[in-house]
file structure_27.txt (compact mmCIF, C-alpha atoms)
# COMPACT_ATOMS: atom_id res chain seq x y z
CA MET A 76 17.58 -51.54 -38.94
CA THR A 77 20.32 -51.14 -41.56
CA ARG A 78 20.43 -54.90 -42.02
CA TYR A 79 16.71 -55.00 -42.76
CA ASP A 80 16.96 -52.04 -45.11
CA THR A 81 19.20 -54.37 -47.13
CA ILE A 82 17.44 -57.72 -46.89
CA GLY A 83 13.99 -56.12 -46.96
CA ARG A 84 14.31 -55.51 -50.68
CA SER A 85 13.65 -59.20 -51.43
CA TYR A 86 12.01 -60.22 -48.14
CA THR A 87 8.55 -60.86 -49.55
CA SER A 88 9.97 -63.38 -52.04
CA THR A 89 10.70 -65.95 -49.36
CA ARG A 90 9.18 -64.75 -46.10
CA ARG A 91 5.49 -65.27 -45.55
CA ALA A 92 3.44 -66.75 -42.74
CA ASP A 93 3.54 -70.51 -42.41
CA PRO A 94 -0.07 -71.56 -41.68
CA ARG A 95 0.86 -74.01 -38.92
CA ILE A 96 2.97 -71.47 -37.06
CA GLU A 97 0.33 -68.84 -37.71
CA ARG A 98 -2.37 -70.97 -36.05
CA GLN A 99 -0.17 -71.48 -33.00
CA ILE A 100 0.60 -67.77 -32.70
CA HIS A 101 -3.04 -66.75 -33.10
CA ALA A 102 -4.09 -69.29 -30.49
CA ALA A 103 -1.50 -67.80 -28.12
CA LEU A 104 -3.02 -64.35 -28.66
CA GLY A 105 -6.23 -65.78 -27.24
CA GLY A 106 -9.26 -63.50 -27.19
CA ALA A 107 -7.28 -60.29 -27.61
CA ARG A 108 -9.30 -57.86 -29.70
CA SER A 109 -6.43 -55.43 -30.25
CA VAL A 110 -2.81 -56.35 -30.98
CA VAL A 111 0.37 -54.33 -31.46
CA ASN A 112 2.91 -56.09 -33.67
CA VAL A 113 6.37 -54.90 -32.67
CA GLY A 114 9.17 -55.33 -35.17
CA ALA A 115 6.40 -56.13 -37.61
CA GLY A 116 8.36 -56.38 -40.83
CA THR A 117 6.09 -56.97 -43.78
CA GLY A 118 3.25 -58.22 -41.58
CA SER A 119 3.63 -61.99 -41.34
CA TYR A 120 1.54 -63.55 -38.56
CA GLU A 121 -0.62 -60.48 -38.02
CA PRO A 122 -4.22 -61.60 -37.40
CA THR A 123 -6.87 -60.22 -39.72
CA ASP A 124 -9.87 -60.82 -37.47
CA ARG A 125 -9.06 -58.12 -34.90
CA PHE A 126 -7.52 -54.67 -34.76
CA VAL A 127 -3.76 -54.62 -35.31
CA ALA A 128 -1.28 -51.76 -35.22
CA ALA A 129 2.25 -52.42 -36.46
CA VAL A 130 5.56 -50.88 -35.43
CA GLU A 131 8.64 -51.35 -37.63
CA PRO A 132 11.95 -49.42 -37.69
CA SER A 133 12.94 -50.12 -41.31
CA PRO A 134 11.39 -47.91 -44.00
CA VAL A 135 12.22 -50.56 -46.59
CA MET A 136 10.24 -53.18 -44.71
CA LEU A 137 7.38 -50.75 -44.21
CA ALA A 138 7.31 -50.07 -47.95
CA HIS A 139 6.90 -53.78 -48.65
CA ARG A 140 3.81 -54.22 -46.50
CA VAL A 141 0.99 -55.31 -48.77
CA ALA A 142 -2.00 -53.14 -49.49
CA GLY A 143 -4.73 -53.67 -46.93
CA SER A 144 -2.38 -54.78 -44.15
CA ALA A 145 -2.60 -53.31 -40.67
CA PRO A 146 -1.72 -49.63 -40.18
CA ALA A 147 1.96 -49.26 -39.40
CA VAL A 148 4.24 -46.62 -37.96
CA GLN A 149 8.00 -46.34 -38.03
CA GLY A 150 9.33 -46.85 -34.54
CA VAL A 151 11.36 -49.06 -32.23
CA ALA A 152 10.47 -51.45 -29.42
CA GLY A 153 12.20 -49.32 -26.79
CA ALA A 154 9.99 -46.30 -27.44
CA LEU A 155 6.51 -47.36 -28.52
CA PRO A 156 4.29 -44.42 -29.54
CA PHE A 157 1.22 -45.60 -27.63
CA PRO A 158 -0.36 -44.86 -24.24
CA ASP A 159 -0.35 -47.28 -21.34
CA SER A 160 -2.54 -50.39 -21.73
CA ALA A 161 -3.52 -49.42 -25.27
CA PHE A 162 -3.70 -53.03 -26.50
CA ASP A 163 -4.99 -56.35 -25.30
CA ALA A 164 -1.88 -58.14 -26.60
CA ALA A 165 1.53 -57.54 -28.12
CA LEU A 166 3.20 -59.76 -30.71
CA ALA A 167 6.95 -59.83 -31.41
CA SER A 168 7.83 -62.33 -34.13
CA LEU A 169 11.48 -63.27 -34.79
CA THR A 170 12.56 -59.77 -33.87
CA ILE A 171 13.76 -59.56 -30.28
CA HIS A 172 17.32 -60.60 -31.20
CA HIS A 173 17.59 -57.38 -33.25
CA TRP A 174 16.67 -55.04 -30.39
CA PRO A 175 19.63 -53.06 -29.01
CA ASP A 176 18.22 -53.40 -25.49
CA TRP A 177 15.69 -56.21 -25.29
CA ARG A 178 14.87 -55.49 -21.64
CA SER A 179 13.77 -51.94 -22.36
CA GLY A 180 11.80 -53.22 -25.34
CA LEU A 181 9.99 -55.72 -23.13
CA ALA A 182 9.29 -53.02 -20.56
CA GLU A 183 7.65 -50.94 -23.28
CA ILE A 184 5.62 -53.89 -24.54
CA ARG A 185 4.41 -54.65 -21.03
CA ARG A 186 3.48 -50.99 -20.63
CA VAL A 187 1.20 -50.92 -23.69
CA ALA A 188 -0.24 -54.48 -23.68
CA ARG A 189 -1.63 -56.91 -21.16
CA ARG A 190 -0.65 -60.14 -22.93
CA VAL A 191 2.71 -60.68 -24.62
CA VAL A 192 3.45 -63.30 -27.29
CA ILE A 193 7.05 -63.60 -28.48
CA PHE A 194 8.13 -65.89 -31.30
CA THR A 195 11.84 -66.53 -30.74
CA TRP A 196 14.21 -69.45 -30.20
CA ASP A 197 16.27 -71.10 -27.53
CA PRO A 198 19.90 -70.02 -28.09
CA ARG A 199 21.12 -73.15 -26.33
CA MET A 200 20.00 -75.17 -29.37
CA GLU A 201 21.91 -73.26 -32.06
CA ARG A 202 24.48 -75.99 -32.68
CA ASP A 203 21.69 -78.54 -33.15
CA PHE A 204 21.16 -77.07 -36.61
CA TRP A 205 23.56 -78.61 -39.13
CA MET A 206 24.05 -75.29 -40.95
CA VAL A 207 25.58 -73.76 -37.82
CA ASP A 208 27.38 -76.85 -36.61
CA GLU A 209 29.05 -77.79 -39.89
CA TYR A 210 29.12 -74.77 -42.19
CA LEU A 211 28.82 -71.48 -40.26
CA PRO A 212 29.88 -72.24 -36.66
CA GLU A 213 30.81 -68.59 -36.15
CA LEU A 214 27.09 -67.85 -35.88
CA ALA A 215 26.88 -69.76 -32.60
CA GLY A 216 26.95 -67.34 -29.71
CA THR A 217 26.73 -64.29 -31.96
CA THR A 218 24.90 -61.58 -30.05
CA ALA A 219 23.12 -60.38 -33.17
CA THR A 220 21.59 -63.80 -33.84
CA ASP A 221 20.88 -64.93 -30.29
CA GLY A 222 17.62 -64.17 -28.64
CA PRO A 223 17.93 -63.74 -24.87
CA PRO A 224 18.04 -66.94 -22.82
CA LEU A 225 14.47 -68.10 -22.34
CA ALA A 226 14.68 -68.11 -18.55
CA GLU A 227 15.84 -64.47 -18.58
CA LEU A 228 13.13 -63.56 -21.05
CA ALA A 229 10.43 -65.18 -18.92
CA GLY A 230 11.82 -63.48 -15.83
CA ALA A 231 11.75 -60.07 -17.48
CA LEU A 232 8.12 -60.67 -18.35
CA GLY A 233 7.27 -61.51 -14.75
CA GLY A 234 6.70 -65.14 -15.65
CA ALA A 235 5.69 -66.89 -18.84
CA ARG A 236 4.80 -70.22 -20.34
CA ILE A 237 6.89 -71.54 -23.20
CA GLU A 238 5.62 -73.55 -26.15
CA SER A 239 7.72 -75.43 -28.67
CA VAL A 240 7.20 -74.41 -32.28
CA PRO A 241 8.13 -77.35 -34.51
CA VAL A 242 9.28 -76.44 -38.02
CA ALA A 243 7.59 -78.44 -40.77
CA ALA A 244 9.70 -79.89 -43.56
CA ASP A 245 7.72 -77.82 -46.05
CA CYS A 246 7.65 -74.62 -43.97
CA VAL A 247 6.80 -71.70 -46.26
CA ASP A 248 8.32 -69.01 -44.04
CA GLY A 249 11.95 -68.95 -45.09
CA PHE A 250 13.61 -68.13 -41.78
CA PHE A 251 17.03 -69.49 -40.92
CA ALA A 252 16.23 -73.12 -40.10
CA ALA A 253 13.16 -73.42 -42.35
CA TYR A 254 15.00 -75.44 -44.98
CA TRP A 255 16.45 -77.99 -42.58
CA ALA A 256 15.25 -80.87 -44.80
CA ARG A 257 15.74 -78.99 -48.09
CA PRO A 258 19.42 -78.04 -47.98
CA GLU A 259 19.53 -77.19 -51.68
CA ALA A 260 17.45 -74.09 -50.92
CA TYR A 261 20.37 -72.45 -49.10
CA LEU A 262 22.34 -72.41 -52.35
CA ASP A 263 19.86 -69.86 -53.72
CA PRO A 264 21.05 -66.29 -53.05
CA VAL A 265 17.43 -65.08 -53.02
CA VAL A 266 16.67 -67.45 -50.14
CA ARG A 267 19.76 -66.31 -48.26
CA ALA A 268 18.88 -62.66 -48.89
CA GLY A 269 15.74 -63.11 -46.77
CA ILE A 270 17.67 -64.50 -43.79
CA SER A 271 19.38 -61.92 -41.61
CA CYS A 272 21.90 -64.40 -40.17
CA PHE A 273 23.74 -64.61 -43.46
CA THR A 274 24.41 -60.86 -43.40
CA LEU A 275 26.43 -61.31 -40.20
CA VAL A 276 29.11 -63.31 -42.01
CA ASP A 277 31.52 -62.00 -44.62
CA ASP A 278 30.11 -62.51 -48.11
CA ALA A 279 33.18 -64.41 -49.28
CA ARG A 280 32.88 -66.77 -46.31
CA VAL A 281 29.20 -67.42 -47.00
CA ILE A 282 29.85 -68.07 -50.69
CA GLY A 283 32.71 -70.41 -49.85
CA GLN A 284 30.67 -72.37 -47.33
CA MET A 285 27.70 -72.63 -49.65
CA ALA A 286 30.09 -74.02 -52.26
CA ALA A 287 31.15 -76.57 -49.64
CA LEU A 288 27.50 -77.43 -49.05
CA ALA A 289 26.96 -77.79 -52.80
CA ASP A 290 29.93 -80.17 -52.97
CA ASP A 291 28.58 -82.21 -50.05
CA LEU A 292 25.18 -82.46 -51.73
CA ALA A 293 26.70 -83.49 -55.05
CA SER A 294 28.93 -86.13 -53.45
CA GLY A 295 26.24 -87.48 -51.15
CA ALA A 296 28.19 -86.51 -48.04
CA TRP A 297 25.39 -84.32 -46.68
CA ASP A 298 22.84 -87.08 -47.14
CA ALA A 299 25.17 -89.59 -45.51
CA ARG A 300 25.14 -87.41 -42.41
CA HIS A 301 21.61 -86.01 -42.49
CA GLY A 302 19.60 -87.83 -45.13
CA ALA A 303 17.17 -89.14 -42.51
CA LEU A 304 15.93 -85.58 -42.11
CA ARG A 305 14.43 -85.67 -45.60
CA GLY A 306 11.88 -88.23 -44.42
CA SER A 307 10.84 -86.31 -41.30
CA ALA A 308 7.63 -84.28 -41.25
CA GLU A 309 8.82 -81.75 -38.68
CA TYR A 310 11.71 -81.00 -36.37
CA ASP A 311 12.39 -79.02 -33.22
CA PHE A 312 15.28 -76.63 -33.80
CA GLY A 313 14.55 -74.56 -30.71
CA TYR A 314 11.91 -72.14 -32.00
CA ARG A 315 9.62 -71.15 -29.16
CA LEU A 316 6.60 -69.08 -28.23
CA VAL A 317 6.97 -67.21 -24.96
CA ILE A 318 3.55 -66.21 -23.65
CA SER A 319 2.90 -63.94 -20.70
CA ASP A 320 -0.28 -62.43 -19.28

call {"tool": "encode", "arguments": {"input": "structure_27.txt", "output": "structure tokens"}}
result
Amino acid sequence: MTRYDTIGRSYTSTRRADPRIERQIHAALGGARSVVNVGAGTGSYEPTDRFVAAVEPSPVMLAHRVAGSAPAVQGVAGALPFPDSAFDAALASLTIHHWPDWRSGLAEIRRVARRVVIFTWDPRMERDFWMVDEYLPELAGTTATDGPPLAELAGALGGARIESVPVAADCVDGFFAAYWARPEAYLDPVVRAGISCFTLVDDARVIGQMAALADDLASGAWDARHGALRGSAEYDFGYRLVISD
């Protein structure tokens, strides 16, 4: 929560729902008429055509929820303040890697909702992203950035189907790999301030590695290695929907 009390101050500048990901998430919610959004942040990906209740631990993030968004309470995944089977579905979007005990959080979600939709990523694919592989390799295998292995997550849910979530080259939700084809964006401290992964690395290290990225962009070295990405419409960096009924 402390991390999001820090990055939450500028979160709405760069983090908003990407319409393509939003459509996929809403389709996964199916016909659910009531949804609890756990680790809700500022409310990205919450549907507006059905009842939603949001749960978020950070008061800073809660304060940045826009007027008219779903009602929200301060709370944590491991102790949801709702009765059994209170909701048709639960949504957890890019949050499970922050939970101190993801298994107890899932148990709580299963207690209050019949369908579960989790937007996460496959930790086995971390090094496929050039930012991790070439500039911040210390992020690979970091507990605070890894979601649980997908097989373990599905098992804890009693079974689940898994959908790939491709990231478009012009993705408007500025999560970690969103700028895979726009590397210049990572040089902007406002962009980095909305990405929790960067807070896990010493500031001096991040600044030094972003200077290295800037040098590689100026010299053409980055484009020599990855320039083909700039012509791609979308890419699979391991983001996934895990859906369980």

call {"tool": "atom_distance", "arguments": {"input": "structure_27.txt", "atom1": "atom CA of Glu209 of chain A", "atom2": "atom CA of Ile171 of chain A"}}
result
25.7 Å

call {"tool": "closest_atom_pairs", "arguments": {"input": "structure_27.txt", "of": "segment 83-180 of chain A", "to": "segment 224-234 of chain A", "cutoff": "10 Å", "atoms": "all atoms listed in the file", "output": "Markdown table"}}
result
| residue | atom | partner | partner_atom | distance |
| --- | --- | --- | --- | --- |
| A:Trp177 | CA | A:Leu228 | CA | 8.9 |
| A:Arg178 | CA | A:Ala231 | CA | 6.9 |
| A:Ser179 | CA | A:Ala231 | CA | 9.7 |

call {"tool": "closest_residue", "arguments": {"input": "structure_27.txt", "among": "A:Val113, A:Ala235, A:Leu275, A:Leu211", "to": "Ala188 of chain A", "atoms": "all atoms listed in the file"}}
result
A:Val113

call {"tool": "atom_distance", "arguments": {"input": "structure_27.txt", "atom1": "atom CA of Ala303 of chain A", "atom2": "atom CA of Cys272 of chain A"}}
result
25.3 Å

call {"tool": "residues_near_point", "arguments": {"input": "structure_27.txt", "point": "(25.7, -73.3, -41.1)", "cutoff": "10 Å", "atoms": "all atoms listed in the file", "output": "PyMOL selection string"}}
result
chain A and resi 201-202+204-215+251-252+261+272-273+281+284-285+288

call {"tool": "residues_around", "arguments": {"input": "structure_27.txt", "residues": "Arg186 of chain A", "least_positions_apart": "4", "cutoff": "8 Å", "atoms": "only C-alpha atoms", "output": "list in words"}}
result
Asp159, Ser160 and Ala182 of chain A

call {"tool": "residues_near_point", "arguments": {"input": "structure_27.txt", "point": "(6.8, -43.7, -31.3)", "cutoff": "12 Å", "atoms": "only C-alpha atoms", "output": "list in words"}}
result
Val113, Ala129, Val130, Glu131, Pro132, Ala147, Val148, Gln149, Gly150, Val151, Ala152, Gly153, Ala154, Leu155, Pro156, Phe157, Pro158, Glu183 and Val187 of chain A

call {"tool": "residues_around", "arguments": {"input": "structure_27.txt", "residues": "Leu292 of chain A", "least_positions_apart": "3", "cutoff": "12 Å", "atoms": "only C-alpha atoms", "output": "PyMOL selection string"}}
result
chain A and resi 257-262+285-289+295-302

call {"tool": "closest_residue", "arguments": {"input": "structure_27.txt", "among": "A:Val111, A:Ile100, A:Leu316, A:Met136", "to": "Glu238 of chain A", "atoms": "all atoms listed in the file"}}
result
A:Leu316

call {"tool": "atom_distance", "arguments": {"input": "structure_27.txt", "atom1": "atom CA of Leu169 of chain A", "atom2": "atom CA of Gly114 of chain A"}}
result
8.3 Å

call {"tool": "axis_aligned_box", "arguments": {"input": "structure_27.txt", "around": "segment 132-149 of chain A", "padding_each_side": "5 Å", "output": "JSON"}}
result
{"center_x": 4.1, "center_y": -50.8, "center_z": -43.6, "size_x": 27.7, "size_y": 19.0, "size_z": 21.8}

call {"tool": "closest_residue", "arguments": {"input": "structure_27.txt", "among": "A:Gly106, A:Ser88, A:Asp290, A:Arg185", "to": "Pro264 of chain A", "atoms": "all atoms listed in the file"}}
result
A:Ser88

call {"tool": "closest_residue", "arguments": {"input": "structure_27.txt", "among": "A:Ala102, A:Ala256, A:Ala115, A:Val276", "to": "Ser144 of chain A", "atoms": "all atoms listed in the file"}}
result
A:Ala115

call {"tool": "residues_around", "arguments": {"input": "structure_27.txt", "residues": "Pro146 of chain A", "least_positions_apart": "4", "cutoff": "12 Å", "atoms": "all atoms listed in the file", "output": "count of residues only"}}
result
19

call {"tool": "residues_around", "arguments": {"input": "structure_27.txt", "residues": "Val242 of chain A", "least_positions_apart": "6", "cutoff": "10 Å", "atoms": "all atoms listed in the file", "output": "number ranges by chain"}}
result
A: 93, 95-96, 248, 252-255, 308-314

call {"tool": "closest_residue", "arguments": {"input": "structure_27.txt", "among": "A:Val135, A:Pro198, A:Leu104, A:Ser294", "to": "Ala167 of chain A", "atoms": "all atoms listed in the file"}}
result
A:Leu104

call {"tool": "closest_residue", "arguments": {"input": "structure_27.txt", "among": "A:Pro122, A:Arg199, A:Gly249, A:Ser271", "to": "Thr170 of chain A", "atoms": "only C-alpha atoms"}}
result
A:Ser271

call {"tool": "build_atoms", "arguments": {"input": "structure_27.txt", "residues": "segment 283-314 of chain A", "atoms": "N, CA and C atoms", "output": "CSV table (one decimal), in the coordinates of the input"}}
result
chain,number,residue,atom,x,y,z
A,283,GLY,N,31.8,-69.3,-50.0
A,283,GLY,CA,32.7,-70.4,-49.8
A,283,GLY,C,32.0,-71.6,-49.1
A,284,GLN,N,31.3,-71.3,-48.1
A,284,GLN,CA,30.7,-72.4,-47.3
A,284,GLN,C,29.5,-72.9,-48.1
A,285,MET,N,28.8,-72.1,-48.8
A,285,MET,CA,27.7,-72.6,-49.6
A,285,MET,C,28.2,-73.5,-50.8
A,286,ALA,N,29.4,-73.2,-51.3
A,286,ALA,CA,30.1,-74.0,-52.3
A,286,ALA,C,30.4,-75.4,-51.6
A,287,ALA,N,30.9,-75.3,-50.4
A,287,ALA,CA,31.2,-76.6,-49.6
A,287,ALA,C,29.9,-77.4,-49.5
A,288,LEU,N,28.8,-76.7,-49.2
A,288,LEU,CA,27.5,-77.4,-49.0
A,288,LEU,C,27.1,-78.0,-50.4
A,289,ALA,N,27.3,-77.3,-51.5
A,289,ALA,CA,27.0,-77.8,-52.8
A,289,ALA,C,27.8,-79.0,-53.1
A,290,ASP,N,29.1,-79.0,-52.8
A,290,ASP,CA,29.9,-80.2,-53.0
A,290,ASP,C,29.5,-81.4,-52.2
A,291,ASP,N,29.1,-81.1,-50.9
A,291,ASP,CA,28.6,-82.2,-50.0
A,291,ASP,C,27.3,-82.8,-50.6
A,292,LEU,N,26.4,-82.0,-51.1
A,292,LEU,CA,25.2,-82.5,-51.7
A,292,LEU,C,25.5,-83.3,-53.0
A,293,ALA,N,26.4,-82.8,-53.8
A,293,ALA,CA,26.7,-83.5,-55.0
A,293,ALA,C,27.4,-84.8,-54.8
A,294,SER,N,28.2,-84.9,-53.8
A,294,SER,CA,28.9,-86.1,-53.4
A,294,SER,C,28.1,-87.1,-52.6
A,295,GLY,N,27.0,-86.6,-52.0
A,295,GLY,CA,26.2,-87.5,-51.2
A,295,GLY,C,26.7,-87.4,-49.7
A,296,ALA,N,27.7,-86.6,-49.4
A,296,ALA,CA,28.2,-86.5,-48.0
A,296,ALA,C,27.1,-85.9,-47.1
A,297,TRP,N,26.4,-84.9,-47.6
A,297,TRP,CA,25.4,-84.3,-46.7
A,297,TRP,C,24.3,-85.4,-46.4
A,298,ASP,N,23.9,-86.1,-47.4
A,298,ASP,CA,22.8,-87.1,-47.1
A,298,ASP,C,23.3,-88.2,-46.3
A,299,ALA,N,24.6,-88.5,-46.4
A,299,ALA,CA,25.2,-89.6,-45.5
A,299,ALA,C,25.1,-89.2,-44.1
A,300,ARG,N,25.2,-87.9,-43.8
A,300,ARG,CA,25.1,-87.4,-42.4
A,300,ARG,C,23.7,-87.1,-42.0
A,301,HIS,N,22.9,-86.6,-42.9
A,301,HIS,CA,21.6,-86.0,-42.5
A,301,HIS,C,20.4,-86.5,-43.3
A,302,GLY,N,20.7,-87.4,-44.2
A,302,GLY,CA,19.6,-87.8,-45.1
A,302,GLY,C,18.3,-88.2,-44.4
A,303,ALA,N,18.4,-88.7,-43.2
A,303,ALA,CA,17.2,-89.1,-42.5
A,303,ALA,C,16.2,-88.0,-42.3
A,304,LEU,N,16.8,-86.8,-42.3
A,304,LEU,CA,15.9,-85.6,-42.1
A,304,LEU,C,14.9,-85.4,-43.3
A,305,ARG,N,15.3,-85.9,-44.4
A,305,ARG,CA,14.4,-85.7,-45.6
A,305,ARG,C,13.1,-86.4,-45.5
A,306,GLY,N,13.1,-87.4,-44.6
A,306,GLY,CA,11.9,-88.2,-44.4
A,306,GLY,C,11.1,-87.8,-43.2
A,307,SER,N,11.5,-86.8,-42.5
A,307,SER,CA,10.8,-86.3,-41.3
A,307,SER,C,9.8,-85.2,-41.7
A,308,ALA,N,8.7,-85.3,-41.0
A,308,ALA,CA,7.6,-84.3,-41.2
A,308,ALA,C,7.9,-82.9,-40.6
A,309,GLU,N,8.5,-83.0,-39.4
A,309,GLU,CA,8.8,-81.8,-38.7
A,309,GLU,C,10.0,-82.0,-37.7
A,310,TYR,N,10.5,-80.9,-37.3
A,310,TYR,CA,11.7,-81.0,-36.4
A,310,TYR,C,11.7,-79.8,-35.4
A,311,ASP,N,12.3,-80.1,-34.2
A,311,ASP,CA,12.4,-79.0,-33.2
A,311,ASP,C,13.8,-78.5,-33.2
A,312,PHE,N,14.0,-77.3,-33.8
A,312,PHE,CA,15.3,-76.6,-33.8
A,312,PHE,C,15.4,-75.5,-32.8
A,313,GLY,N,14.5,-75.5,-31.8
A,313,GLY,CA,14.6,-74.6,-30.7
A,313,GLY,C,13.7,-73.4,-30.8
A,314,TYR,N,12.8,-73.3,-31.9
A,314,TYR,CA,11.9,-72.1,-32.0
A,314,TYR,C,10.8,-72.3,-30.9
